[in-house]
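Everything below belongs to upload.cif, which stores mmCIF, C-alpha atoms and all ligand atoms.
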```cif
data_data
loop_
_atom_site.label_atom_id
_atom_site.label_comp_id
_atom_site.auth_asym_id
_atom_site.auth_seq_id
_atom_site.Cartn_x
_atom_site.Cartn_y
_atom_site.Cartn_z
CA MET A 1 -7.51 25.47 2.28
CA LYS A 2 -6.31 26.86 -1.02
CA ILE A 3 -7.07 24.94 -4.20
CA CYS A 4 -4.78 25.52 -7.19
CA LYS A 5 -5.72 24.15 -10.59
CA THR A 6 -2.88 25.60 -12.65
CA ILE A 7 0.88 25.69 -12.28
CA SER A 8 0.92 29.49 -12.36
CA GLU A 9 -1.69 29.68 -9.57
CA PHE A 10 0.42 27.33 -7.49
CA LYS A 11 3.63 29.22 -8.27
CA ASN A 12 1.99 32.46 -7.08
CA TRP A 13 1.23 30.86 -3.74
CA ARG A 14 4.71 29.25 -3.61
CA ASN A 15 6.43 32.59 -4.30
CA SER A 16 4.63 34.19 -1.39
CA ASN A 17 5.73 31.28 0.86
CA ILE A 18 9.28 31.12 -0.40
CA HIS A 19 10.96 30.71 3.00
CA GLU A 20 8.52 28.12 4.31
CA ASN A 21 9.45 24.51 4.87
CA ILE A 22 7.00 22.74 2.52
CA GLY A 23 5.89 19.15 3.11
CA TYR A 24 4.44 17.50 0.02
CA ILE A 25 2.27 14.42 -0.54
CA PRO A 26 1.73 13.47 -4.20
CA THR A 27 -1.43 11.37 -4.69
CA MET A 28 -3.79 10.14 -7.36
CA GLY A 29 -6.79 10.85 -5.11
CA ALA A 30 -9.33 8.33 -3.77
CA LEU A 31 -7.77 9.23 -0.45
CA HIS A 32 -7.78 6.81 2.47
CA LYS A 33 -6.23 6.65 5.94
CA GLY A 34 -2.85 5.78 4.42
CA HIS A 35 -2.69 9.10 2.53
CA LEU A 36 -4.03 10.97 5.55
CA SER A 37 -1.29 9.51 7.76
CA LEU A 38 1.24 11.07 5.35
CA VAL A 39 -0.55 14.40 5.81
CA THR A 40 -0.25 13.99 9.58
CA TYR A 41 3.52 13.37 9.29
CA SER A 42 3.90 16.43 7.10
CA LYS A 43 1.85 18.63 9.44
CA LEU A 44 4.10 17.54 12.32
CA HIS A 45 7.38 18.30 10.56
CA CYS A 46 6.73 21.13 8.10
CA ASP A 47 5.48 24.73 8.09
CA LYS A 48 3.02 24.17 5.24
CA THR A 49 1.54 21.00 3.73
CA VAL A 50 0.74 20.61 0.04
CA VAL A 51 -1.14 17.63 -1.46
CA SER A 52 -1.53 17.05 -5.18
CA ILE A 53 -4.28 14.97 -6.74
CA PHE A 54 -3.46 13.91 -10.27
CA VAL A 55 -4.37 10.60 -11.92
CA ASN A 56 -1.26 10.21 -14.05
CA GLU A 57 -2.18 8.48 -17.28
CA LEU A 58 1.50 8.03 -18.15
CA GLN A 59 1.95 5.36 -15.45
CA PHE A 60 -0.97 3.19 -16.65
CA SER A 61 -0.51 0.71 -19.50
CA PRO A 62 -3.36 0.59 -22.07
CA ASP A 63 -4.77 -2.61 -20.48
CA GLU A 64 -4.81 -1.14 -16.94
CA ASP A 65 -7.53 0.70 -15.03
CA PHE A 66 -6.88 4.37 -15.89
CA GLU A 67 -10.49 4.97 -17.03
CA LYS A 68 -12.12 3.30 -14.04
CA TYR A 69 -9.56 4.42 -11.41
CA PRO A 70 -11.67 5.79 -8.50
CA ARG A 71 -12.12 9.55 -8.73
CA THR A 72 -13.64 10.97 -5.54
CA LEU A 73 -12.55 14.62 -5.63
CA GLU A 74 -15.31 16.07 -3.46
CA GLN A 75 -14.76 13.60 -0.60
CA ASP A 76 -10.98 13.94 -1.01
CA LEU A 77 -11.14 17.72 -0.59
CA LYS A 78 -13.31 17.35 2.54
CA LYS A 79 -10.79 14.94 4.09
CA LEU A 80 -7.88 17.27 3.29
CA GLU A 81 -9.74 20.26 4.67
CA ASN A 82 -10.43 18.32 7.90
CA HIS A 83 -6.73 17.53 8.14
CA LYS A 84 -5.90 21.23 7.74
CA VAL A 85 -3.89 20.87 4.55
CA ASP A 86 -2.71 24.28 3.33
CA VAL A 87 -2.83 23.80 -0.44
CA VAL A 88 -4.26 21.18 -2.81
CA PHE A 89 -2.89 21.14 -6.35
CA ILE A 90 -5.32 19.53 -8.83
CA PRO A 91 -3.98 20.06 -12.33
CA THR A 92 -5.59 18.70 -15.50
CA THR A 93 -3.68 16.30 -17.75
CA SER A 94 -3.04 19.07 -20.31
CA GLU A 95 -1.64 21.31 -17.57
CA ILE A 96 0.99 18.68 -16.76
CA TYR A 97 1.59 17.23 -20.24
CA LYS A 98 1.62 19.76 -23.08
CA SER A 99 0.61 18.23 -26.42
CA ASP A 100 4.24 18.23 -27.64
CA PHE A 101 5.60 16.72 -24.41
CA SER A 102 8.58 14.53 -25.38
CA ILE A 103 10.90 13.94 -22.39
CA LEU A 104 10.72 10.97 -20.03
CA ILE A 105 12.74 10.29 -16.87
CA ASN A 106 13.74 6.62 -16.77
CA GLU A 107 15.41 4.78 -13.90
CA LEU A 108 17.37 1.94 -15.47
CA ASP A 109 18.09 -0.60 -12.73
CA LEU A 110 15.70 -0.83 -9.74
CA SER A 111 12.72 -0.20 -12.02
CA GLN A 112 13.45 -3.35 -14.05
CA LYS A 113 12.63 -5.65 -11.11
CA LEU A 114 9.42 -6.79 -9.32
CA GLU A 115 6.62 -4.37 -10.29
CA GLY A 116 8.70 -3.24 -13.28
CA VAL A 117 8.56 -6.75 -14.78
CA SER A 118 4.77 -7.01 -14.43
CA ARG A 119 4.08 -3.36 -15.27
CA PRO A 120 6.55 -2.18 -17.93
CA GLY A 121 6.40 1.61 -18.30
CA PHE A 122 4.89 2.11 -14.85
CA PHE A 123 8.02 3.47 -13.15
CA SER A 124 8.89 5.63 -16.15
CA GLY A 125 5.47 7.26 -15.73
CA VAL A 126 6.00 7.64 -12.00
CA THR A 127 9.52 9.09 -12.12
CA THR A 128 8.55 11.46 -14.93
CA VAL A 129 5.47 12.86 -13.18
CA VAL A 130 7.11 12.98 -9.75
CA SER A 131 10.08 14.93 -11.22
CA LYS A 132 7.68 17.40 -12.82
CA LEU A 133 5.65 17.73 -9.62
CA PHE A 134 8.82 18.20 -7.53
CA ASN A 135 9.88 21.02 -9.89
CA ILE A 136 6.45 22.66 -9.60
CA ILE A 137 5.93 22.27 -5.84
CA GLU A 138 9.59 22.70 -4.73
CA PRO A 139 9.03 20.95 -1.39
CA SER A 140 11.61 20.48 1.35
CA TYR A 141 10.12 17.09 2.32
CA ALA A 142 8.07 14.60 0.29
CA PHE A 143 6.16 11.81 2.01
CA PHE A 144 5.50 8.39 0.43
CA GLY A 145 3.95 5.21 1.85
CA GLU A 146 6.03 2.09 2.39
CA LYS A 147 3.22 0.04 0.88
CA ASP A 148 4.66 0.98 -2.52
CA ILE A 149 8.15 0.15 -1.32
CA GLN A 150 9.76 -0.14 -4.76
CA GLN A 151 8.31 3.24 -5.75
CA LEU A 152 9.72 4.74 -2.53
CA ILE A 153 13.19 3.26 -3.15
CA ILE A 154 13.19 4.49 -6.77
CA ILE A 155 12.09 7.98 -5.77
CA LYS A 156 14.88 8.17 -3.19
CA LYS A 157 17.28 7.24 -6.04
CA LEU A 158 15.65 9.80 -8.36
CA VAL A 159 16.26 12.55 -5.82
CA LEU A 160 19.91 11.50 -5.42
CA ASP A 161 20.66 11.03 -9.11
CA LEU A 162 18.94 14.22 -10.30
CA ASN A 163 20.08 16.35 -7.34
CA PHE A 164 16.65 17.36 -6.11
CA ASN A 165 17.08 19.21 -2.83
CA ILE A 166 14.28 17.23 -1.21
CA GLN A 167 14.17 14.87 1.77
CA VAL A 168 12.09 11.80 0.81
CA VAL A 169 10.41 10.28 3.86
CA GLY A 170 8.96 6.75 3.85
CA CYS A 171 5.97 6.24 6.18
CA GLU A 172 4.65 2.95 7.49
CA THR A 173 1.84 1.11 5.72
CA ILE A 174 -1.59 1.72 7.24
CA ARG A 175 -3.75 -1.41 7.42
CA GLU A 176 -7.37 -2.40 7.89
CA ALA A 177 -8.10 -4.26 11.16
CA SER A 178 -7.85 -7.48 9.09
CA GLY A 179 -4.27 -6.61 8.08
CA LEU A 180 -5.11 -5.69 4.48
CA ALA A 181 -2.93 -2.76 3.41
CA MET A 182 -4.99 0.35 2.63
CA SER A 183 -5.07 1.13 -1.08
CA SER A 184 -7.29 3.18 -3.37
CA ARG A 185 -7.81 0.01 -5.41
CA ASN A 186 -9.40 -1.75 -2.38
CA GLN A 187 -12.56 0.08 -3.47
CA TYR A 188 -12.85 -2.54 -6.22
CA LEU A 189 -13.23 -5.30 -3.56
CA SER A 190 -16.45 -6.39 -1.84
CA ASP A 191 -16.50 -6.33 1.99
CA GLN A 192 -16.06 -10.10 2.05
CA ASP A 193 -13.15 -9.92 -0.40
CA LYS A 194 -11.51 -7.24 1.75
CA LYS A 195 -11.59 -9.67 4.69
CA ASP A 196 -10.39 -12.62 2.62
CA ALA A 197 -7.63 -10.60 0.93
CA SER A 198 -5.91 -10.23 4.30
CA ILE A 199 -4.35 -13.61 3.44
CA LEU A 200 -1.75 -11.58 1.51
CA TYR A 201 -0.41 -9.90 4.66
CA GLU A 202 -0.75 -13.15 6.65
CA THR A 203 1.44 -14.84 4.05
CA LEU A 204 4.09 -12.13 4.25
CA GLN A 205 4.03 -12.40 8.06
CA LEU A 206 4.49 -16.16 7.78
CA GLY A 207 7.51 -15.45 5.55
CA GLN A 208 8.95 -13.10 8.14
CA ASN A 209 8.51 -15.73 10.89
CA LEU A 210 10.09 -18.48 8.81
CA LEU A 211 13.12 -16.38 7.87
CA LYS A 212 13.55 -15.26 11.48
CA LYS A 213 13.49 -18.96 12.51
CA ASN A 214 16.48 -19.46 10.20
CA GLU A 215 14.57 -21.09 7.32
CA THR A 216 16.18 -20.69 3.87
CA VAL A 217 14.82 -18.26 1.29
CA GLY A 218 14.00 -21.15 -1.05
CA GLU A 219 11.96 -23.15 1.49
CA THR A 220 10.23 -19.96 2.71
CA LYS A 221 9.21 -19.05 -0.83
CA LEU A 222 7.82 -22.55 -1.44
CA GLN A 223 5.62 -22.34 1.66
CA LEU A 224 4.39 -18.82 0.90
CA LYS A 225 3.61 -19.59 -2.74
CA SER A 226 1.65 -22.69 -1.79
CA LYS A 227 -0.38 -20.74 0.83
CA LEU A 228 -1.37 -18.18 -1.80
CA GLN A 229 -1.85 -20.59 -4.68
CA ASN A 230 -4.15 -22.85 -2.63
CA ASN A 231 -6.68 -20.01 -2.47
CA LYS A 232 -9.10 -20.17 -5.42
CA LYS A 233 -9.69 -16.41 -5.48
CA ILE A 234 -5.98 -15.69 -5.97
CA LYS A 235 -3.76 -15.62 -9.04
CA LEU A 236 -0.17 -15.06 -7.96
CA ASP A 237 1.73 -12.50 -10.00
CA TYR A 238 5.04 -12.65 -8.11
CA LEU A 239 6.46 -13.43 -4.71
CA SER A 240 9.89 -12.03 -3.93
CA ILE A 241 12.44 -12.12 -1.14
CA ALA A 242 14.98 -9.49 -2.09
CA ASN A 243 17.81 -7.34 -0.81
CA GLY A 244 16.27 -4.19 0.71
CA THR A 245 18.64 -1.82 -1.09
CA THR A 246 19.32 -3.34 -4.50
CA LEU A 247 16.05 -5.30 -4.82
CA GLU A 248 18.17 -8.23 -6.09
CA GLU A 249 16.40 -11.54 -5.46
CA LEU A 250 18.14 -13.53 -2.68
CA ARG A 251 19.44 -16.96 -3.65
CA ASP A 252 17.44 -19.99 -2.45
CA ASN A 253 20.14 -21.26 -0.07
CA VAL A 254 20.48 -17.90 1.75
CA LYS A 255 19.33 -17.44 5.37
CA LEU A 256 18.49 -14.15 7.07
CA LYS A 257 21.60 -12.13 8.06
CA ASN A 258 21.94 -8.58 9.31
CA GLU A 259 21.06 -6.85 6.02
CA GLN A 260 17.63 -5.45 5.20
CA VAL A 261 15.36 -7.84 3.33
CA ILE A 262 12.01 -7.12 1.66
CA ILE A 263 9.40 -9.84 1.26
CA SER A 264 6.90 -8.62 -1.31
CA ALA A 265 4.11 -10.02 -3.42
CA ALA A 266 1.59 -9.03 -6.04
CA ILE A 267 -1.60 -11.03 -6.47
CA PHE A 268 -4.80 -10.78 -8.42
CA PHE A 269 -7.57 -11.22 -5.88
CA ASN A 270 -10.75 -11.82 -7.89
CA ASP A 271 -8.96 -9.95 -10.71
CA VAL A 272 -8.09 -6.92 -8.52
CA ARG A 273 -4.30 -6.46 -8.42
CA LEU A 274 -2.98 -6.03 -4.87
CA ILE A 275 0.59 -5.54 -3.66
CA ASP A 276 2.07 -5.62 -0.18
CA ASN A 277 5.42 -6.08 1.54
CA ILE A 278 7.20 -6.56 4.83
CA ILE A 279 10.58 -4.97 5.46
CA ILE A 280 12.79 -7.06 7.75
O1 LIG B 301 1.66 6.38 -5.47
C1 LIG B 301 0.94 7.10 -6.20
O2 LIG B 301 -0.20 7.43 -5.87
C2 LIG B 301 1.48 7.57 -7.54
O3 LIG B 301 2.32 6.60 -8.11
C3 LIG B 301 2.20 8.93 -7.45
C4 LIG B 301 3.43 8.87 -6.59
C5 LIG B 301 1.23 9.98 -6.92
C6 LIG B 301 2.63 9.37 -8.87
O4 LIG B 301 1.55 9.50 -9.73
#
```
Let me see the structure of the file written as structure tokens.
Amino acid sequence: MKICKTISEFKNWRNSNIHENIGYIPTMGALHKGHLSLVTYSKLHCDKTVVSIFVNELQFSPDEDFEKYPRTLEQDLKKLENHKVDVVFIPTTSEIYKSDFSILINELDLSQKLEGVSRPGFFSGVTTVVSKLFNIIEPSYAFFGEKDIQQLIIIKKLVLDLNFNIQVVGCETIREASGLAMSSRNQYLSDQDKKDASILYETLQLGQNLLKKNETVGETKLQLKSKLQNNKKIKLDYLSIANGTTLEELRDNVKLKNEQVIISAAIFFNDVRLIDNIII
């Protein structure tokens, strides 16, 4: 497995693999089975698989966990080696952002909803770094987890609007046996909290069942919010039932039709922020 720390090192490798079909998985490290499932998809569909590990400061607000974000490079590299990844790109912050860096890529519609309300600046940081990484890696396919569904939808829009010649592939959320969606931030939870936090997925499943039984969006939301808010360890950030393409919130009197709907929520579980969703 080749490890590239600079853009020029990576470009050298890329230029000698110019005709290869490159599958790419951008990550911030602290790799878990969710990331590794993206590697497996890429290995199945592409000639060569590239993973980047870069904790992108630009997508963290000053009050978020950039400093304490789990950094587990040695273990990450072992996992990638075991999964037969071809190249790992691990640039430093100054390699990606020169000191006079002054251009941002901003999505103006989808990024204003859901996560964008609670985390202003987050998607600007994501779309900026992903655009830069796409230009450096020049992949044919890029793989993202459906757990961060809004990020996936925005990146698909980024690729369309900025004419990147890249196929963005969404891959299903990988879960613990309890149902808790795998996330690098789960490392902040105790084993007991990991079990208890599965209430988030249970709640989303309840929402799916209610909507499928023809319950209205308004009544479904009431039931889901009360299930979450009755748990003392949880502070609810948002609960949403939205159109799966536009991310517009569905009106309270609406019932499930044939269009795609996303039930999503963000909670603080003992102060650890968790997100999850179900796509219906
Ligand atoms: O999902 C993530 O880990 C990050 O947002 C990404 C896509 C690697 C950009 O920093």
Exercise for review: Counting all atoms listed in the file, name the residues that have an atom within 8 Å of an atom of ligand LIG 301 (chain B); the answer should be given as a PyMOL selection string.
Suggested key: chain A and resi 25-29+52-56+59+125-127+129-130+144-145+148+151
Review point. Quick one: distance from CA of Ser124 (chain A) to CA of Ser102 (chain A) in Å, one decimal?
Key: 12.8 Å
Exercise for review: Give me, please, the distance in Å between CA of Gln187 (chain A) and CA of Lys68 (chain A), quoted to one decimal.
Suggested key: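 Distance reported for this atom pair: 11.1 Å.
Shortest separation to Arg175 (chain A) among A:Arg71, A:Lys195, A:Lys255, A:Lys113 occurs at residue A:Lys195, atoms counted being only C-alpha atoms.
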Need the shell around Glu74 (chain A): protein/DNA/RNA residues with any atom at most 12 Å away, counting all atoms listed in the file. Skip same-chain ones fewer than 6 positions apart. Format as a PDB file with C-alpha atoms, in the coordinates of the input?
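Result file around30.pdb:
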```
ATOM      1  CA  GLY A  29      -6.790  10.850  -5.110  1.00  0.00           C
ATOM      2  CA  ALA A  30      -9.330   8.330  -3.770  1.00  0.00           C
ATOM      3  CA  LEU A  31      -7.770   9.230  -0.450  1.00  0.00           C
ATOM      4  CA  ILE A  53      -4.280  14.970  -6.740  1.00  0.00           C
ATOM      5  CA  LEU A  80      -7.880  17.270   3.290  1.00  0.00           C
ATOM      6  CA  GLU A  81      -9.740  20.260   4.670  1.00  0.00           C
ATOM      7  CA  ILE A  90      -5.320  19.530  -8.830  1.00  0.00           C
TER       8      ILE A  90
END
```
Exercise for review: Using all atoms listed in the file, find all polymer residues with an atom at most 10 Å away from the point (18.0, -7.0, -5.6); report them as JSON, numbers by chain.
Suggested key: {"A": [109, 110, 113, 114, 240, 241, 242, 243, 244, 245, 246, 247, 248, 249, 250, 261, 262]}
Restricting it to C-alpha atoms, dump the selection as a PDB file, keeping the file's coordinate frame.
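As written to disk, part.pdb reads:
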```
ATOM      1  CA  ASP A 109      18.090  -0.600 -12.730  1.00  0.00           C
ATOM      2  CA  LEU A 110      15.700  -0.830  -9.740  1.00  0.00           C
ATOM      3  CA  LYS A 113      12.630  -5.650 -11.110  1.00  0.00           C
ATOM      4  CA  LEU A 114       9.420  -6.790  -9.320  1.00  0.00           C
ATOM      5  CA  SER A 240       9.890 -12.030  -3.930  1.00  0.00           C
ATOM      6  CA  ILE A 241      12.440 -12.120  -1.140  1.00  0.00           C
ATOM      7  CA  ALA A 242      14.980  -9.490  -2.090  1.00  0.00           C
ATOM      8  CA  ASN A 243      17.810  -7.340  -0.810  1.00  0.00           C
ATOM      9  CA  GLY A 244      16.270  -4.190   0.710  1.00  0.00           C
ATOM     10  CA  THR A 245      18.640  -1.820  -1.090  1.00  0.00           C
ATOM     11  CA  THR A 246      19.320  -3.340  -4.500  1.00  0.00           C
ATOM     12  CA  LEU A 247      16.050  -5.300  -4.820  1.00  0.00           C
ATOM     13  CA  GLU A 248      18.170  -8.230  -6.090  1.00  0.00           C
ATOM     14  CA  GLU A 249      16.400 -11.540  -5.460  1.00  0.00           C
ATOM     15  CA  LEU A 250      18.140 -13.530  -2.680  1.00  0.00           C
ATOM     16  CA  VAL A 261      15.360  -7.840   3.330  1.00  0.00           C
ATOM     17  CA  ILE A 262      12.010  -7.120   1.660  1.00  0.00           C
TER      18      ILE A 262
END
```
Check your understanding: Using all atoms listed in the file, which residues sit within 7 Å of Ala266 (chain A) once same-chain residues fewer than 3 positions away are excluded, as an MDAnalysis selection string?
Key -> chainID A and resid 236:239 273:276
Check your understanding: Which protein, DNA or RNA residues are at most 12 Å from (-4.5, 1.3, -15.9) in the file's coordinates when you count all atoms listed in the file, listed as a list in words?
Key ->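 With a cut-off of 12 Å, the residues come to Val55, Asn56, Glu57, Leu58, Gln59, Phe60, Ser61, Pro62, Asp63, Glu64, Asp65, Phe66, Glu67, Lys68, Tyr69, Pro70, Arg119, Pro120, Gly121, Phe122, Gly125, Arg185, Val272 and Arg273 of chain A.
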Atoms kept (C-alpha atoms) for selection, written as a compact mmCIF listing (two decimals), in the coordinates of the input:
```
# COMPACT_ATOMS: atom_id res chain seq x y z
CA VAL A 55 -4.37 10.60 -11.92
CA ASN A 56 -1.26 10.21 -14.05
CA GLU A 57 -2.18 8.48 -17.28
CA LEU A 58 1.50 8.03 -18.15
CA GLN A 59 1.95 5.36 -15.45
CA PHE A 60 -0.97 3.19 -16.65
CA SER A 61 -0.51 0.71 -19.50
CA PRO A 62 -3.36 0.59 -22.07
CA ASP A 63 -4.77 -2.61 -20.48
CA GLU A 64 -4.81 -1.14 -16.94
CA ASP A 65 -7.53 0.70 -15.03
CA PHE A 66 -6.88 4.37 -15.89
CA GLU A 67 -10.49 4.97 -17.03
CA LYS A 68 -12.12 3.30 -14.04
CA TYR A 69 -9.56 4.42 -11.41
CA PRO A 70 -11.67 5.79 -8.50
CA ARG A 119 4.08 -3.36 -15.27
CA PRO A 120 6.55 -2.18 -17.93
CA GLY A 121 6.40 1.61 -18.30
CA PHE A 122 4.89 2.11 -14.85
CA GLY A 125 5.47 7.26 -15.73
CA ARG A 185 -7.81 0.01 -5.41
CA VAL A 272 -8.09 -6.92 -8.52
CA ARG A 273 -4.30 -6.46 -8.42
```
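Residue nearest Thr216 (chain A), chosen from A:Asn277, A:Asn186, A:Lys232, A:Leu256 and counting all atoms listed in the file: A:Leu256.
Proximity of A:His32, A:His19, A:Lys156, A:Lys79 to Met182 (chain A), computed with all atoms listed in the file, is greatest for A:His32.
Of the listed residues A:Val87, A:Leu204, A:Leu189, A:Leu108, the one whose atoms come nearest to Leu158 (chain A) is A:Leu108, with distances taken using all atoms listed in the file.
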**Study point:** Asp47 (chain A) environment, 7 Å, all atoms listed in the file, sequence neighbours closer than 3 positions dropped, as an MDAnalysis selection string
**Key:** chainID A and resid 20:22
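Once Gly218 (chain A) and its same-chain neighbours fewer than 6 positions away are set aside, Leu250, Arg251, Asp252, Asn253 and Val254 of chain A remain within 9 Å of it when counting all atoms listed in the file.
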Atoms kept (C-alpha atoms) for selection, written as a PDB file, in the frame of the given file:
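New file result-v9.pdb:
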```pdb
ATOM      1  CA  LEU A 250      18.140 -13.530  -2.680  1.00  0.00           C
ATOM      2  CA  ARG A 251      19.440 -16.960  -3.650  1.00  0.00           C
ATOM      3  CA  ASP A 252      17.440 -19.990  -2.450  1.00  0.00           C
ATOM      4  CA  ASN A 253      20.140 -21.260  -0.070  1.00  0.00           C
ATOM      5  CA  VAL A 254      20.480 -17.900   1.750  1.00  0.00           C
TER       6      VAL A 254
END
```
Review point. Neighbours of Thr128 (chain A) within 8 Å (all atoms listed in the file; same-chain residues fewer than 4 positions away dropped), as number ranges by chain?
Key: A: 104-106, 124, 132
Kindly save the residues from that selection, with C-alpha atoms included, as a PDB file, in the coordinates of the input.
```
ATOM      1  CA  LEU A 104      10.720  10.970 -20.030  1.00  0.00           C
ATOM      2  CA  ILE A 105      12.740  10.290 -16.870  1.00  0.00           C
ATOM      3  CA  ASN A 106      13.740   6.620 -16.770  1.00  0.00           C
ATOM      4  CA  SER A 124       8.890   5.630 -16.150  1.00  0.00           C
ATOM      5  CA  LYS A 132       7.680  17.400 -12.820  1.00  0.00           C
TER       6      LYS A 132
END
```
